[in-house]
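Chemist: Input structure_27.cif, format and content: mmCIF, C-alpha atoms and all ligand atoms.
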data_run
#
loop_
_atom_site.label_atom_id
_atom_site.label_comp_id
_atom_site.auth_asym_id
_atom_site.auth_seq_id
_atom_site.Cartn_x
_atom_site.Cartn_y
_atom_site.Cartn_z
CA MET R 1 -36.73 -31.66 -60.90
CA ALA R 2 -36.31 -32.04 -64.66
CA THR R 3 -33.72 -34.47 -66.02
CA GLN R 4 -30.58 -34.05 -63.96
CA LYS R 5 -27.36 -35.83 -64.63
CA LEU R 6 -24.13 -35.84 -62.67
CA THR R 7 -20.68 -36.54 -64.11
CA ILE R 8 -17.76 -37.16 -61.79
CA VAL R 9 -14.50 -36.01 -63.40
CA VAL R 10 -11.35 -37.73 -62.17
CA PRO R 11 -7.88 -36.60 -63.34
CA ALA R 12 -5.36 -39.43 -63.23
CA PHE R 13 -1.62 -39.45 -63.76
CA ASN R 14 0.15 -42.76 -63.12
CA GLU R 15 -2.61 -43.93 -60.80
CA GLU R 16 -2.53 -47.70 -61.50
CA GLU R 17 -2.26 -48.47 -57.78
CA VAL R 18 -5.49 -46.75 -56.81
CA LEU R 19 -7.67 -46.28 -59.88
CA THR R 20 -9.66 -49.53 -59.89
CA ASP R 21 -10.50 -49.20 -56.19
CA SER R 22 -11.32 -45.53 -56.52
CA VAL R 23 -13.69 -46.05 -59.43
CA GLN R 24 -15.46 -48.93 -57.63
CA LYS R 25 -15.95 -46.65 -54.64
CA LEU R 26 -17.27 -43.83 -56.81
CA LEU R 27 -19.68 -46.21 -58.57
CA ALA R 28 -20.95 -47.47 -55.21
CA ILE R 29 -21.51 -43.88 -54.10
CA GLU R 30 -23.27 -43.18 -57.39
CA GLU R 31 -25.50 -46.18 -56.73
CA LYS R 32 -26.52 -44.73 -53.38
CA ILE R 33 -27.19 -41.26 -54.78
CA ALA R 34 -29.33 -42.85 -57.51
CA GLN R 35 -31.63 -44.25 -54.79
CA THR R 36 -32.26 -40.84 -53.26
CA ASN R 37 -34.16 -39.59 -56.33
CA VAL R 38 -32.32 -36.29 -56.39
CA LEU R 39 -30.99 -37.23 -59.81
CA SER R 40 -33.36 -38.45 -62.46
CA GLN R 41 -30.55 -39.91 -64.57
CA ARG R 42 -27.73 -42.21 -63.56
CA ALA R 43 -24.40 -40.51 -63.03
CA ASP R 44 -21.18 -41.45 -64.76
CA VAL R 45 -17.47 -41.27 -64.04
CA LEU R 46 -15.17 -39.61 -66.55
CA ILE R 47 -11.49 -40.36 -66.02
CA VAL R 48 -8.92 -38.15 -67.71
CA ASP R 49 -5.63 -39.95 -68.19
CA ASP R 50 -3.07 -37.15 -68.16
CA GLY R 51 -0.45 -38.96 -70.23
CA SER R 52 0.27 -41.71 -67.70
CA ARG R 53 3.27 -43.91 -68.30
CA ASP R 54 1.98 -46.85 -66.24
CA HIS R 55 -1.13 -49.02 -66.72
CA THR R 56 -3.64 -46.27 -66.01
CA TRP R 57 -5.08 -46.28 -69.55
CA PRO R 58 -5.52 -50.08 -69.90
CA ILE R 59 -7.25 -49.97 -66.50
CA ILE R 60 -9.61 -47.26 -67.77
CA GLU R 61 -10.34 -49.32 -70.90
CA LYS R 62 -11.12 -52.35 -68.77
CA LEU R 63 -13.38 -50.40 -66.41
CA HIS R 64 -15.17 -48.96 -69.44
CA ARG R 65 -15.72 -52.41 -70.94
CA THR R 66 -17.24 -53.76 -67.74
CA ASN R 67 -19.35 -50.69 -67.00
CA SER R 68 -20.50 -48.22 -69.63
CA ARG R 69 -20.95 -45.58 -66.93
CA VAL R 70 -17.17 -45.31 -66.80
CA ARG R 71 -15.80 -43.11 -69.57
CA GLY R 72 -12.26 -42.08 -70.38
CA ILE R 73 -10.21 -39.41 -72.07
CA ARG R 74 -6.57 -39.99 -72.83
CA PHE R 75 -4.15 -37.11 -73.34
CA SER R 76 -1.35 -37.53 -75.87
CA ARG R 77 1.14 -36.63 -73.12
CA ASN R 78 1.26 -35.18 -69.61
CA PHE R 79 -0.35 -31.72 -69.65
CA GLY R 80 -0.87 -31.30 -65.93
CA HIS R 81 -3.64 -31.69 -63.38
CA GLN R 82 -5.36 -28.37 -64.18
CA PHE R 83 -5.67 -29.15 -67.89
CA ALA R 84 -6.90 -32.66 -67.14
CA LEU R 85 -9.67 -31.04 -65.09
CA ILE R 86 -10.49 -28.55 -67.85
CA ALA R 87 -10.64 -31.30 -70.49
CA GLY R 88 -12.85 -33.43 -68.24
CA ILE R 89 -15.20 -30.52 -67.58
CA GLN R 90 -15.30 -29.65 -71.27
CA GLU R 91 -16.33 -33.18 -72.20
CA ALA R 92 -18.69 -33.65 -69.25
CA VAL R 93 -20.61 -30.44 -69.85
CA LYS R 94 -21.89 -31.83 -73.16
CA THR R 95 -24.25 -34.18 -71.32
CA ALA R 96 -24.15 -33.37 -67.61
CA ASP R 97 -26.22 -30.91 -65.58
CA MET R 98 -23.70 -30.90 -62.76
CA ILE R 99 -20.06 -31.89 -62.53
CA VAL R 100 -18.02 -32.97 -59.54
CA THR R 101 -14.22 -32.98 -59.77
CA ILE R 102 -12.24 -35.21 -57.43
CA ASP R 103 -8.64 -36.51 -57.33
CA ALA R 104 -8.07 -40.14 -58.30
CA ASP R 105 -6.61 -41.04 -54.89
CA LEU R 106 -9.93 -40.12 -53.18
CA GLN R 107 -8.10 -38.25 -50.41
CA ASP R 108 -11.08 -35.92 -50.55
CA ASP R 109 -14.03 -37.71 -48.99
CA PRO R 110 -16.13 -39.00 -51.93
CA THR R 111 -19.10 -39.76 -49.67
CA LYS R 112 -19.58 -35.97 -49.54
CA ILE R 113 -20.62 -35.97 -53.18
CA ALA R 114 -24.18 -36.82 -52.11
CA GLU R 115 -24.17 -33.75 -49.87
CA MET R 116 -22.87 -31.64 -52.75
CA VAL R 117 -25.68 -32.86 -54.98
CA ALA R 118 -28.19 -32.03 -52.25
CA LYS R 119 -26.82 -28.47 -52.03
CA TYR R 120 -27.09 -28.22 -55.79
CA ALA R 121 -30.71 -29.32 -55.56
CA GLU R 122 -31.22 -26.50 -53.04
CA GLY R 123 -29.98 -24.01 -55.63
CA ALA R 124 -26.19 -23.76 -55.33
CA ASP R 125 -24.25 -23.48 -58.60
CA ILE R 126 -20.87 -24.07 -57.01
CA VAL R 127 -20.34 -26.28 -53.96
CA TYR R 128 -16.84 -26.12 -52.49
CA GLY R 129 -15.31 -29.11 -50.74
CA VAL R 130 -13.57 -27.57 -47.71
CA ARG R 131 -11.18 -29.41 -45.42
CA ASN R 132 -11.86 -29.23 -41.70
CA ASN R 133 -8.17 -29.41 -40.87
CA ARG R 134 -4.81 -30.16 -42.38
CA ASP R 135 -3.81 -32.98 -39.98
CA THR R 136 -3.01 -35.38 -42.79
CA ASP R 137 -0.52 -33.01 -44.44
CA SER R 138 3.14 -33.07 -43.51
CA TRP R 139 4.37 -30.17 -41.39
CA PHE R 140 6.22 -28.83 -44.45
CA LYS R 141 3.20 -28.95 -46.76
CA ARG R 142 0.91 -27.43 -44.15
CA THR R 143 3.11 -24.45 -43.32
CA THR R 144 4.11 -23.73 -46.89
CA ALA R 145 0.50 -23.97 -48.07
CA GLN R 146 -0.76 -21.68 -45.32
CA GLY R 147 2.07 -19.19 -45.97
CA TYR R 148 1.32 -19.29 -49.67
CA TYR R 149 -2.39 -18.56 -49.27
CA LYS R 150 -1.56 -15.72 -46.88
CA LEU R 151 0.83 -14.28 -49.46
CA LEU R 152 -1.83 -14.56 -52.17
CA GLY R 153 -4.24 -12.73 -49.86
CA LEU R 154 -1.72 -9.92 -49.35
CA LEU R 155 -1.41 -9.66 -53.11
CA GLY R 156 -5.17 -9.25 -53.36
CA VAL R 157 -6.11 -12.77 -54.47
CA HIS R 158 -8.72 -14.22 -52.17
CA LEU R 159 -9.32 -17.94 -52.41
CA VAL R 160 -11.64 -20.17 -50.43
CA PRO R 161 -9.42 -21.34 -47.54
CA ASN R 162 -8.66 -25.07 -47.35
CA HIS R 163 -10.34 -25.76 -50.66
CA ALA R 164 -8.50 -27.33 -53.57
CA ASP R 165 -10.09 -29.00 -56.58
CA PHE R 166 -12.86 -31.04 -54.95
CA ARG R 167 -16.03 -29.22 -55.94
CA LEU R 168 -19.38 -29.39 -57.67
CA MET R 169 -20.26 -27.07 -60.51
CA SER R 170 -23.59 -26.61 -62.25
CA LYS R 171 -23.63 -26.75 -66.02
CA ARG R 172 -23.81 -22.98 -66.32
CA ALA R 173 -20.96 -22.43 -63.83
CA ALA R 174 -18.83 -24.97 -65.72
CA GLU R 175 -19.67 -23.38 -69.05
CA THR R 176 -18.65 -19.99 -67.66
CA LEU R 177 -15.36 -21.42 -66.42
CA LEU R 178 -14.69 -22.78 -69.91
CA THR R 179 -15.08 -19.30 -71.40
CA TYR R 180 -11.86 -18.30 -69.56
CA PRO R 181 -9.42 -18.91 -72.41
CA GLU R 182 -6.11 -18.64 -70.57
CA ARG R 183 -3.24 -21.07 -71.03
CA ASN R 184 -1.93 -20.47 -67.52
CA VAL R 185 -4.74 -22.00 -65.54
CA PHE R 186 -5.15 -21.96 -61.77
CA ILE R 187 -8.72 -23.18 -61.48
CA ARG R 188 -9.27 -22.57 -57.77
CA GLY R 189 -8.37 -18.90 -58.37
CA LEU R 190 -10.89 -18.57 -61.19
CA ILE R 191 -13.89 -20.21 -59.51
CA PRO R 192 -14.53 -17.33 -57.05
CA LYS R 193 -14.54 -14.96 -60.03
CA LEU R 194 -17.46 -16.76 -61.69
CA GLY R 195 -20.07 -15.47 -59.28
CA PHE R 196 -23.29 -17.53 -58.93
CA THR R 197 -24.64 -18.96 -55.70
CA THR R 198 -22.03 -20.87 -53.75
CA ASP R 199 -22.15 -23.28 -50.83
CA ALA R 200 -19.72 -25.64 -49.11
CA VAL R 201 -19.47 -29.10 -47.62
CA TYR R 202 -16.88 -29.91 -44.96
CA TYR R 203 -14.76 -33.04 -44.78
CA LYS R 204 -11.60 -34.56 -43.40
CA ARG R 205 -8.88 -35.31 -45.92
CA THR R 206 -7.39 -38.78 -45.57
CA PRO R 207 -3.90 -39.93 -46.56
CA ARG R 208 -3.36 -41.35 -50.05
CA MET R 209 -4.50 -45.03 -50.17
CA ALA R 210 -1.54 -46.16 -52.26
CA GLY R 211 1.11 -44.84 -54.59
CA GLU R 212 2.97 -41.58 -54.18
CA SER R 213 1.95 -37.97 -54.59
CA LYS R 214 1.98 -36.97 -58.24
CA TYR R 215 2.87 -33.46 -57.13
CA PRO R 216 6.58 -33.49 -56.36
CA LEU R 217 8.06 -30.29 -54.94
CA LYS R 218 9.10 -29.02 -58.37
CA LYS R 219 5.56 -29.32 -59.80
CA MET R 220 4.17 -27.79 -56.60
CA LEU R 221 6.46 -24.75 -56.86
CA ALA R 222 5.62 -24.28 -60.54
CA PHE R 223 1.91 -24.48 -59.68
CA ALA R 224 2.27 -21.98 -56.82
CA TRP R 225 4.19 -19.55 -59.01
CA ASP R 226 1.58 -19.85 -61.80
CA GLY R 227 -1.10 -19.16 -59.22
CA ILE R 228 0.46 -15.82 -58.33
CA THR R 229 1.46 -14.68 -61.79
CA SER R 230 -1.72 -15.72 -63.54
CA LEU R 231 -4.06 -14.14 -61.00
CA THR R 232 -2.44 -10.84 -60.07
CA ILE R 233 -0.01 -8.21 -61.36
CA ALA R 234 0.73 -7.11 -57.78
CA PRO R 235 4.40 -8.30 -57.97
CA VAL R 236 5.08 -5.94 -60.87
CA ARG R 237 3.53 -3.11 -58.89
CA LEU R 238 5.69 -4.11 -55.94
CA ILE R 239 8.74 -3.56 -58.14
CA LEU R 240 7.59 -0.01 -58.80
CA LEU R 241 7.22 0.55 -55.08
CA LEU R 242 10.61 -1.00 -54.39
CA GLY R 243 12.26 1.15 -57.05
CA THR R 244 10.67 4.29 -55.61
CA LEU R 245 11.84 3.42 -52.10
CA SER R 246 15.30 2.68 -53.41
CA CYS R 247 15.46 6.10 -55.10
CA LEU R 248 14.31 7.85 -51.92
CA LEU R 249 17.00 5.99 -50.03
CA ALA R 250 19.58 7.16 -52.52
CA VAL R 251 18.46 10.79 -52.05
CA GLY R 252 18.90 10.31 -48.29
CA MET R 253 22.37 8.96 -48.86
CA VAL R 254 23.33 12.01 -50.95
CA VAL R 255 22.15 14.33 -48.16
CA TYR R 256 24.10 12.26 -45.64
CA ALA R 257 27.26 12.34 -47.76
CA VAL R 258 27.04 16.13 -48.22
CA VAL R 259 26.60 16.68 -44.47
CA MET R 260 29.56 14.44 -43.70
CA LYS R 261 31.66 16.30 -46.24
CA LEU R 262 30.75 19.70 -44.71
CA LEU R 263 31.67 18.38 -41.28
CA GLY R 264 35.00 17.39 -42.69
CA LEU R 265 34.54 13.73 -41.95
CA THR R 266 35.95 11.61 -44.69
CA VAL R 267 33.79 8.74 -45.67
CA HIS R 268 35.83 5.71 -46.59
CA GLY R 269 32.67 4.12 -47.78
CA TRP R 270 34.02 1.07 -49.48
CA SER R 271 31.69 -1.37 -47.76
CA SER R 272 28.61 0.78 -48.03
CA LEU R 273 29.37 1.25 -51.70
CA MET R 274 29.71 -2.44 -52.32
CA VAL R 275 26.64 -3.32 -50.30
CA SER R 276 24.42 -0.84 -52.09
CA LEU R 277 25.88 -1.78 -55.45
CA TRP R 278 25.08 -5.43 -55.00
CA PHE R 279 21.78 -4.78 -53.34
CA VAL R 280 20.50 -2.44 -56.04
CA GLY R 281 21.88 -4.78 -58.71
CA GLY R 282 20.00 -7.64 -57.10
CA VAL R 283 16.77 -5.68 -56.87
CA GLN R 284 17.09 -4.81 -60.54
CA MET R 285 17.66 -8.38 -61.56
CA ILE R 286 14.75 -9.67 -59.51
CA SER R 287 12.57 -6.95 -61.01
CA LEU R 288 13.60 -7.85 -64.52
CA GLY R 289 12.94 -11.50 -63.70
CA VAL R 290 9.42 -10.77 -62.50
CA ILE R 291 8.68 -8.62 -65.53
CA GLY R 292 10.18 -11.32 -67.72
CA GLU R 293 7.83 -13.86 -66.16
CA TYR R 294 4.80 -11.76 -67.08
CA ILE R 295 6.12 -11.20 -70.60
CA GLY R 296 6.66 -14.95 -70.91
CA LYS R 297 3.08 -15.52 -69.79
CA LEU R 298 1.87 -12.98 -72.35
CA MET R 299 3.79 -14.85 -75.01
CA THR R 300 2.19 -18.19 -74.17
CA GLU R 301 -1.24 -16.56 -74.15
CA VAL R 302 -0.69 -14.75 -77.44
CA LYS R 303 0.37 -17.93 -79.20
CA GLN R 304 -3.08 -19.36 -78.52
CA ARG R 305 -1.81 -22.92 -78.71
CA PRO R 306 -4.23 -25.68 -77.73
CA ARG R 307 -4.27 -26.19 -73.98
CA TYR R 308 -4.14 -29.98 -74.32
CA THR R 309 -4.38 -32.70 -76.95
CA ILE R 310 -6.72 -35.66 -76.60
CA GLN R 311 -5.50 -38.92 -78.09
CA THR R 312 -8.55 -41.15 -77.42
CA ILE R 313 -12.04 -40.79 -75.95
CA LEU R 314 -14.07 -43.69 -74.57
CA ASN R 315 -17.72 -42.72 -74.41
N1 LIG Q 1 -2.46 -35.37 -61.55
C1 LIG Q 1 -2.60 -35.17 -62.92
N2 LIG Q 1 -1.52 -34.72 -63.63
C2 LIG Q 1 -0.32 -34.44 -63.05
C3 LIG Q 1 -0.20 -34.59 -61.63
C4 LIG Q 1 -1.30 -35.05 -60.92
O1 LIG Q 1 -3.67 -35.40 -63.49
O2 LIG Q 1 0.60 -34.05 -63.76
C5 LIG Q 1 -3.62 -35.85 -60.77
C6 LIG Q 1 -3.37 -37.06 -59.89
O3 LIG Q 1 -3.51 -38.27 -60.60
C7 LIG Q 1 -4.43 -36.88 -58.83
C8 LIG Q 1 -4.55 -35.37 -58.69
O4 LIG Q 1 -3.99 -34.83 -59.89
O5 LIG Q 1 -5.68 -37.38 -59.24
C9 LIG Q 1 -3.83 -34.82 -57.48
O6 LIG Q 1 -2.52 -35.37 -57.40
P1 LIG Q 1 -1.95 -35.95 -56.04
O7 LIG Q 1 -3.01 -36.67 -55.30
O8 LIG Q 1 -0.72 -36.74 -56.36
O9 LIG Q 1 -1.55 -34.61 -55.28
P2 LIG Q 1 -1.49 -34.36 -53.69
O10 LIG Q 1 -2.77 -34.92 -53.11
O11 LIG Q 1 -0.29 -35.07 -53.22
O12 LIG Q 1 -1.41 -32.88 -53.59
MG MG Q 2 -3.63 -36.69 -53.45
#
If you took the structure in this file and wrote it as structure tokens, what would it be?
Modeler:
Amino acid sequence: MATQKLTIVVPAFNEEEVLTDSVQKLLAIEEKIAQTNVLSQRADVLIVDDGSRDHTWPIIEKLHRTNSRVRGIRFSRNFGHQFALIAGIQEAVKTADMIVTIDADLQDDPTKIAEMVAKYAEGADIVYGVRNNRDTDSWFKRTTAQGYYKLLGLLGVHLVPNHADFRLMSKRAAETLLTYPERNVFIRGLIPKLGFTTDAVYYKRTPRMAGESKYPLKKMLAFAWDGITSLTIAPVRLILLLGTLSCLLAVGMVVYAVVMKLLGLTVHGWSSLMVSLWFVGGVQMISLGVIGEYIGKLMTEVKQRPRYTIQTILN
């Protein structure tokens, strides 16, 4: 194979508890891969500090000083996991032939990177890291995640099941991903749209080594909602369907009322009136809310603001 270089992109937000250990592990894995001759150039690790408020950045600087194969990007503030990944990929693609993205807590088995590289060598442009099971998730996370992916499927968005953001991308796949200019990014929803040859490696996800999840419920909900509204307009279509059904129901009610009147049965109807009033009012408000969400998304896209701002790069 011609010159082939791997860059491992690691997004990090307040990861002082795990970062040093994680990078040492990744470097050890890199060392092993280097001995297999699949890569003709040594790999490097590019950490993207997503506006951490702890010692994440000083740790990155220190790691960089002791090993030039560790590089760093520092955001000017917290822009979110997905943008940290995009920024890392954008920087990595300048020199790398393949890019692996992995979370800083190494919950996704980093020893599988070698297998990913091997699949790349066999011709895959995208290698998905797929979890064998969800044992290590809490009951809440597991059921909500499964329900969510089912819902996405019903709305016509098909993702790779049990795959998050642990994957390998070839240079051309990464470059294609970067041509998607959207500000509302849900990377795992875009990857299947790229095409190219894909493959997968399977692994068991382990619990976080230290520290807490950087995805509290609020961030998770926002992410899930962005996933739906940035990948499909099915909810807006659903409103149309709901409105149509509601109108048909109203026609039925008119027929019913006329029949009752002809039969001389007085309809007191207070409760039914109130129920339908509130129900239809609610449906309208939800509908407006959903439409508003899409208009809001349009607004952020139209503004074309930068997706993130880099403060410092260590190369
Ligand atoms: N992360 C980030 N920005 C954020 C939140 C998280 O870059 O605003 C990073 C975090 O440092 C980690 C990855 O995204 O490398 C996944 O976060 P975490 O492991 O906390 O999520 P979980 O595994 O609990 O879903
Ligand atoms: Mg994690």
Chemist: Give me, as JSON lines, the closest atom pair and its distance (Å, one decimal) for every residue of chain R within a cut-off of 7 Å of ligand MG 2 (chain Q), counting all atoms listed in the file, rows sorted by chain and rising number.
Modeler:
{"residue": "R:Asp103", "atom": "CA", "partner": "Q:MG2", "partner_atom": "MG", "distance": 6.3}
{"residue": "R:Asp105", "atom": "CA", "partner": "Q:MG2", "partner_atom": "MG", "distance": 5.5}
{"residue": "R:Gln107", "atom": "CA", "partner": "Q:MG2", "partner_atom": "MG", "distance": 5.6}
{"residue": "R:Arg208", "atom": "CA", "partner": "Q:MG2", "partner_atom": "MG", "distance": 5.8}
{"residue": "R:Ser213", "atom": "CA", "partner": "Q:MG2", "partner_atom": "MG", "distance": 5.8}
Chemist: Go ahead and save the picked residues with C-alpha atoms, as a compact mmCIF listing (two decimals), in the coordinates of the input.
Modeler:
# COMPACT_ATOMS: atom_id res chain seq x y z
CA ASP R 103 -8.64 -36.51 -57.33
CA ASP R 105 -6.61 -41.04 -54.89
CA GLN R 107 -8.10 -38.25 -50.41
CA ARG R 208 -3.36 -41.35 -50.05
CA SER R 213 1.95 -37.97 -54.59
Chemist: Please report, as a Markdown table, each residue of chain R lying at most 8 Å from ligand LIG 1 (chain Q), together with the nearest pair of atoms and the separation in Å rounded to one decimal; use only C-alpha atoms and all ligand atoms, and order rows by chain and ascending residue number.
Modeler:
| residue | atom | partner | partner_atom | distance |
| --- | --- | --- | --- | --- |
| R:Val10 | CA | Q:LIG1 | O5 | 6.4 |
| R:Pro11 | CA | Q:LIG1 | O1 | 4.4 |
| R:Ala12 | CA | Q:LIG1 | O3 | 3.4 |
| R:Phe13 | CA | Q:LIG1 | O3 | 3.9 |
| R:Asn14 | CA | Q:LIG1 | O3 | 6.3 |
| R:Glu15 | CA | Q:LIG1 | O3 | 5.7 |
| R:Val48 | CA | Q:LIG1 | O1 | 7.3 |
| R:Asp49 | CA | Q:LIG1 | O1 | 6.8 |
| R:Asp50 | CA | Q:LIG1 | O1 | 5.0 |
| R:Gly51 | CA | Q:LIG1 | N2 | 7.9 |
| R:Asn78 | CA | Q:LIG1 | O2 | 6.0 |
| R:Phe79 | CA | Q:LIG1 | O2 | 6.4 |
| R:Gly80 | CA | Q:LIG1 | O2 | 3.8 |
| R:His81 | CA | Q:LIG1 | C1 | 3.7 |
| R:Gln82 | CA | Q:LIG1 | O1 | 7.3 |
| R:Phe83 | CA | Q:LIG1 | O1 | 7.9 |
| R:Ala84 | CA | Q:LIG1 | O1 | 5.6 |
| R:Leu85 | CA | Q:LIG1 | O1 | 7.6 |
| R:Ile102 | CA | Q:LIG1 | O5 | 7.1 |
| R:Asp103 | CA | Q:LIG1 | O5 | 3.6 |
| R:Ala104 | CA | Q:LIG1 | O5 | 3.8 |
| R:Asp105 | CA | Q:LIG1 | O7 | 5.7 |
| R:Leu106 | CA | Q:LIG1 | O5 | 7.9 |
| R:Gln107 | CA | Q:LIG1 | O10 | 6.8 |
| R:Arg208 | CA | Q:LIG1 | O7 | 7.0 |
| R:Glu212 | CA | Q:LIG1 | O8 | 6.5 |
| R:Ser213 | CA | Q:LIG1 | O8 | 3.4 |
| R:Lys214 | CA | Q:LIG1 | O8 | 3.3 |
| R:Tyr215 | CA | Q:LIG1 | O8 | 4.9 |
| R:Pro216 | CA | Q:LIG1 | O11 | 7.7 |
| R:Lys219 | CA | Q:LIG1 | O2 | 7.9 |
Chemist: Just checking: using all atoms listed in the file, which residue out of R:Met299, R:Val117, R:Met285, R:Ala164 ends up closest to Val100 of chain R?
Modeler: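 Of R:Met299, R:Val117, R:Met285, R:Ala164, the one nearest Val100 of chain R is R:Val117, counting all atoms listed in the file.
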Chemist: Here is a test: counting all atoms listed in the file, which residue of R:Ser230, R:Ser170, R:Thr179, R:Ser287 is nearest to Gly243 of chain R?
Modeler: R:Ser287
Chemist: Kindly give the distance, in Å, that separates atom CA of Pro235 of chain R and atom CA of Tyr149 of chain R, rounded to a single decimal.
Modeler: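 Taking atom CA of Pro235 of chain R as the start and atom CA of Tyr149 of chain R as the end point, the length is 15.1 Å.
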Chemist: Hey, what's within 9 Å of segment 34-46 of chain R if we count all atoms listed in the file and toss same-chain stuff fewer than 5 positions away? As a list of chain:residue names, please?
Modeler: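 The residues satisfying every condition are R:Met1, R:Ala2, R:Thr3, R:Gln4, R:Lys5, R:Leu6, R:Thr7, R:Ile8, R:Val9, R:Val10, R:Pro11, R:Val23, R:Leu26, R:Leu27, R:Ile29, R:Ser68, R:Arg69, R:Val70, R:Arg71, R:Gly72, R:Ile73, R:Gly88, R:Glu91, R:Ala92, R:Ala96, R:Val117, R:Ala118, R:Ala121, R:Asn315.
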Chemist: Report, in Å to a single decimal, how far apart atom CA of Ser246 of chain R and atom CA of Lys297 of chain R are.
Modeler: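 Here the two named atoms are 27.4 Å from each other.
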Chemist: Rebuild segment 298-315 of chain R to N, CA and C atoms - output it as a PDB file, keeping the file's coordinate frame, please.
Modeler:
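Written out: result_21.pdb:
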ATOM      1  N   LEU R 298       2.555 -13.646 -71.227  1.00  0.00           N
ATOM      2  CA  LEU R 298       1.870 -12.980 -72.350  1.00  0.00           C
ATOM      3  C   LEU R 298       2.152 -13.736 -73.640  1.00  0.00           C
ATOM      4  N   MET R 299       3.410 -14.154 -73.793  1.00  0.00           N
ATOM      5  CA  MET R 299       3.790 -14.850 -75.010  1.00  0.00           C
ATOM      6  C   MET R 299       3.005 -16.152 -75.148  1.00  0.00           C
ATOM      7  N   THR R 300       2.929 -16.922 -74.046  1.00  0.00           N
ATOM      8  CA  THR R 300       2.190 -18.190 -74.170  1.00  0.00           C
ATOM      9  C   THR R 300       0.714 -17.933 -74.462  1.00  0.00           C
ATOM     10  N   GLU R 301       0.167 -16.845 -73.888  1.00  0.00           N
ATOM     11  CA  GLU R 301      -1.240 -16.560 -74.150  1.00  0.00           C
ATOM     12  C   GLU R 301      -1.455 -16.128 -75.598  1.00  0.00           C
ATOM     13  N   VAL R 302      -0.542 -15.295 -76.092  1.00  0.00           N
ATOM     14  CA  VAL R 302      -0.690 -14.750 -77.440  1.00  0.00           C
ATOM     15  C   VAL R 302      -0.616 -15.853 -78.491  1.00  0.00           C
ATOM     16  N   LYS R 303       0.221 -16.838 -78.240  1.00  0.00           N
ATOM     17  CA  LYS R 303       0.370 -17.930 -79.200  1.00  0.00           C
ATOM     18  C   LYS R 303      -0.920 -18.701 -79.404  1.00  0.00           C
ATOM     19  N   GLN R 304      -1.782 -18.698 -78.387  1.00  0.00           N
ATOM     20  CA  GLN R 304      -3.080 -19.360 -78.520  1.00  0.00           C
ATOM     21  C   GLN R 304      -2.963 -20.834 -78.924  1.00  0.00           C
ATOM     22  N   ARG R 305      -1.951 -21.491 -78.410  1.00  0.00           N
ATOM     23  CA  ARG R 305      -1.810 -22.920 -78.710  1.00  0.00           C
ATOM     24  C   ARG R 305      -2.903 -23.686 -77.981  1.00  0.00           C
ATOM     25  N   PRO R 306      -3.232 -24.893 -78.462  1.00  0.00           N
ATOM     26  CA  PRO R 306      -4.230 -25.680 -77.730  1.00  0.00           C
ATOM     27  C   PRO R 306      -3.730 -25.952 -76.312  1.00  0.00           C
ATOM     28  N   ARG R 307      -4.668 -26.009 -75.375  1.00  0.00           N
ATOM     29  CA  ARG R 307      -4.270 -26.190 -73.980  1.00  0.00           C
ATOM     30  C   ARG R 307      -3.895 -27.634 -73.697  1.00  0.00           C
ATOM     31  N   TYR R 308      -4.465 -28.557 -74.488  1.00  0.00           N
ATOM     32  CA  TYR R 308      -4.140 -29.980 -74.320  1.00  0.00           C
ATOM     33  C   TYR R 308      -4.529 -30.703 -75.594  1.00  0.00           C
ATOM     34  N   THR R 309      -4.048 -31.908 -75.771  1.00  0.00           N
ATOM     35  CA  THR R 309      -4.380 -32.700 -76.950  1.00  0.00           C
ATOM     36  C   THR R 309      -4.923 -34.047 -76.504  1.00  0.00           C
ATOM     37  N   ILE R 310      -6.113 -34.369 -76.959  1.00  0.00           N
ATOM     38  CA  ILE R 310      -6.720 -35.660 -76.600  1.00  0.00           C
ATOM     39  C   ILE R 310      -6.320 -36.692 -77.641  1.00  0.00           C
ATOM     40  N   GLN R 311      -5.889 -37.850 -77.184  1.00  0.00           N
ATOM     41  CA  GLN R 311      -5.500 -38.920 -78.090  1.00  0.00           C
ATOM     42  C   GLN R 311      -6.699 -39.834 -78.350  1.00  0.00           C
ATOM     43  N   THR R 312      -7.427 -40.206 -77.295  1.00  0.00           N
ATOM     44  CA  THR R 312      -8.550 -41.150 -77.420  1.00  0.00           C
ATOM     45  C   THR R 312      -9.662 -40.741 -76.459  1.00  0.00           C
ATOM     46  N   ILE R 313     -10.903 -40.977 -76.869  1.00  0.00           N
ATOM     47  CA  ILE R 313     -12.040 -40.790 -75.950  1.00  0.00           C
ATOM     48  C   ILE R 313     -12.847 -42.079 -75.922  1.00  0.00           C
ATOM     49  N   LEU R 314     -13.183 -42.531 -74.725  1.00  0.00           N
ATOM     50  CA  LEU R 314     -14.070 -43.690 -74.570  1.00  0.00           C
ATOM     51  C   LEU R 314     -15.397 -43.175 -74.057  1.00  0.00           C
ATOM     52  N   ASN R 315     -16.440 -43.257 -74.865  1.00  0.00           N
ATOM     53  CA  ASN R 315     -17.720 -42.720 -74.410  1.00  0.00           C
ATOM     54  C   ASN R 315     -18.767 -43.805 -74.280  1.00  0.00           C
TER      55      ASN R 315
END
